[in-house]
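Here the structure comes first, spelled out in structure tokens, and everything after it is commentary.
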Amino acid sequence: MYSVKVNYGPRIDERLCNGCGECYDMCPMDIFGWDKEKQMPTVAHPGECSICCFCEVACPQVAIDVRLPLHQMLDFGILPNKLSDHSDFLGE
Amino acid sequence: MAKKIEELTDRIIETDFLIVGGGIVGSLAAVRAKKNNPNLDVTVIDKAKMEWSGDGVGLDNFNQIPLHKEDIGREVTDEEAKKAIFGAKRVQGLASIELDAVTMKNAYISQPLLEELGVRIREDDGTLYVIQAYRKGVNWDTIEYDDQGKPTEPLFGSFSRASDLKLKLGTGVRKYGARVLDRTMITSVVTRDGVAIGATAINTRTNEFLFIKAKAILLSTGFASRVYPYKWSPYPNNLFYTITSPVNHGGGHIAALNAGAKLYNMELGNIYNVTKGINHSSGGGGCNWYFKMYNSKGESLEEKYPDRVVTKAGGMIPGLNFLFSPDMINAEVLHDVILSYKNVAEPHTIAAVYFTAATEPTKALKFHKLAGGLTNELPSECDYQHTGIGQANAGVLRENIHSETSVKNLFAAGGVASSTGSSGFTWSCLIADHVTELVKGKEHAKIDGEQLKQIEETRQWVFQPMGNNVKYFVDPLELEDYIKHINLNYVGVHKYTSKMKRGLELLKRVQEGAVSQLTANSPHELMRAIEVRHILEISQMHIQASLIRDESRLIPVHFRVEHPEMDPKWDNMIVAITKVNGETKYEIEKLNKGI
């Protein structure tokens, strides 16, 4: 309802999404909507995303990336300008 | 003439055993009840999707399951059970020793069932995965073993590698044939002469209003998790970054209260030590705590306060740890910066982080990966977060050894009754066993004018914000944020009398001036409008009860600055909350006097 711009939350890659509806079905906060025409999920309430990332894990098409809020990234030591250097867990 | 039940509701369901909330407790109780008696009609309602709801999603360990008798070589003795070492005792008398003794005696009851459902809790050779034992002032990764290779003490550990626990439980519920209603939120418990006979509920996607007739009801709706905001970020970025599942807002608490059950210990906040950036469940908060923490002078807090080291297990029971400081007023976390460095991790820490990040909520793994793994030189800051109510033992008061509330046939377990941590595993089974016997040959209660009145009043209350045409509409989420900030700024960890009184005044202003203007334009928004009114009521109780308990206990869970010490007059005493004719009443009484 509020009009503050929300930049975080799930991003659905429409090229990969096959409209299976798993994310719409399982999101604990129920933030997804459903586009009946396209038969695809939408992100209806991004501001209510709790960043649990369950949709990202559950999506069988690997079509979802949950965009983290800026403050959480910076607080944890993730610098946005370094995001292209995805390293593995030990940084090797 | 009074309306008929068919006019008041969109659908009526008859069931033997209604389970409200399909988290660990709810889903395990459903499986257990169906296993006890396949003919029993069991219904689970869940506000989210059962398989992905509750605090147990991605949970990597079952705290507080005792080692099975084969593992300790004997049964837990009565004497040991009565000691209630990690329930009542560790929460300084705020929990019932009697109930805790029952928990202890039966704590392994769920283990075979969990294994049957495919939850892996053993190594290939059959030994249990024990990753931690509860110990004083020792990090979780340094368990001591005796000559036989068993953990020295206590008899309880945590089992791990069960990150798909919730999916397996959910699959079990459906396999055993319980009815599952997802996206369905309780709105009231309907009673007849002090006995629970059913519940009303609403589908949060369609606004379908249900009446579910039941012979017994289990409330397993979790903690009231949305009382405080995530304090380091601006609205709307802070809405649902809670520590326990943000789906749970306390709807079960209010349904129980309105039905005549007692709430207690609502003054106790849920405080958790977190690494800024991640939270939501122990995984989010906990996984950076394996790294050593340093203050600005470069002192390792672990070494500075050896008695106060945060163990993984102890994260949620912070009585000992206010970010390590022994001095509440002058706590290190308040006047200094506490950092932890990933790149100085020791090998056992790395193993722990690997393990936790991979098995606890997926978010933790994502954060570590994006941060560049363990070679990242940027430290994270450690702080505390206050989230909801229900730290150790708060919520719906259980009045007898069947975990029944003061409303007959209404049971409570898990976060809503804050049954001291994960003993919900045990209680789900004990309650399911009791209910299986209880409902045998029993008929559904009759619905008369009094019950219709209850249902009609609930219906009116529930739908009031829907399409509300008012000059100044109030957005449920904006109001929720405002209420949470009142709690943060006027209550919090350091409770001052004058501040709390002011907070109460502000909440009263909300009650009188804003609630009637709440507006919802969709079922989803109506869900939020129902929740925020519950959160307001819980916040009022939180402050009132905090004012009444004029001592400090389980610091920092309840710390009254003007009364910084524990007062013996409060030993085993609680602030019990009831609602009589719509008025909330607070009384000081002895804990579990009926048991």
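Labeling convention for the structure tokens: chains A, B, ... as they appear, residues from 1 per chain, ligands from 1 in order of appearance.
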Write out as a PyMOL selection string the set of residues from chain A that DSSP, computed on the backbone, places in strand (DSSP E). chain A and resi 9-12+32-35+40-43+64-67
Generate a file of the selected residues that holds C-alpha atoms, formatted as a compact mmCIF listing (two decimals), in the first residue's frame.
# COMPACT_ATOMS: atom_id res chain seq x y z
CA GLY A 9 13.60 -8.99 -2.30
CA PRO A 10 13.27 -11.71 -4.93
CA ARG A 11 14.11 -11.00 -8.54
CA ILE A 12 12.57 -13.45 -10.96
CA PHE A 32 4.40 -13.24 -4.34
CA GLY A 33 1.42 -12.56 -6.55
CA TRP A 34 0.28 -14.43 -9.62
CA ASP A 35 -0.03 -13.00 -13.11
CA MET A 40 3.94 -16.38 -13.94
CA PRO A 41 4.66 -15.27 -10.40
CA THR A 42 5.07 -11.60 -9.58
CA VAL A 43 6.68 -9.97 -6.57
CA ILE A 64 15.21 -16.42 -8.42
CA ASP A 65 17.87 -14.26 -6.89
CA VAL A 66 17.02 -12.53 -3.65
CA ARG A 67 18.50 -9.06 -3.70
Check: which chain B residues lie within 6 Å of chain A using only C-alpha atoms, as JSON, numbers by chain: {"B": [48, 49, 53, 240, 241, 276, 277, 363, 369, 371, 372, 373, 374, 375, 378, 380]}
Go ahead and write the selection's residues with C-alpha atoms as a PDB file, in the first residue's frame.
ATOM      1  CA  ALA B  48       2.077 -19.814   5.662  1.00  0.00           C
ATOM      2  CA  LYS B  49       2.725 -23.036   3.756  1.00  0.00           C
ATOM      3  CA  SER B  53       6.663 -22.362   8.005  1.00  0.00           C
ATOM      4  CA  PHE B 240      10.261  -8.467   9.136  1.00  0.00           C
ATOM      5  CA  TYR B 241      13.908  -9.043  10.069  1.00  0.00           C
ATOM      6  CA  LYS B 276      24.659  -7.094  12.091  1.00  0.00           C
ATOM      7  CA  GLY B 277      23.449  -7.896   8.663  1.00  0.00           C
ATOM      8  CA  LYS B 363      20.491 -16.781   4.073  1.00  0.00           C
ATOM      9  CA  LYS B 369      29.491 -16.351   0.028  1.00  0.00           C
ATOM     10  CA  ALA B 371      31.083 -11.473   1.623  1.00  0.00           C
ATOM     11  CA  GLY B 372      33.867 -13.341  -0.090  1.00  0.00           C
ATOM     12  CA  GLY B 373      34.047 -16.245   2.292  1.00  0.00           C
ATOM     13  CA  LEU B 374      36.339 -16.586   5.248  1.00  0.00           C
ATOM     14  CA  THR B 375      39.164 -14.616   3.713  1.00  0.00           C
ATOM     15  CA  LEU B 378      36.103  -6.755   6.728  1.00  0.00           C
ATOM     16  CA  SER B 380      31.165  -7.657  11.104  1.00  0.00           C
TER      17      SER B 380
END
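Of the listed residues A:Asn81, A:Gln61, A:Glu14, A:Cys23, the one whose atoms come nearest to Lys38 of chain A is A:Glu14, with distances taken using only C-alpha atoms.
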According to DSSP computed on the backbone, where in chain A is there helix (DSSP H, G or I)? Give the residues as a count of residues only. 23
Could you pull the residues within 8 Å of Leu430 of chain B, counting only C-alpha atoms, minus those fewer than 4 positions along the same chain, as a VMD selection string? chain B and resid 402 426 434
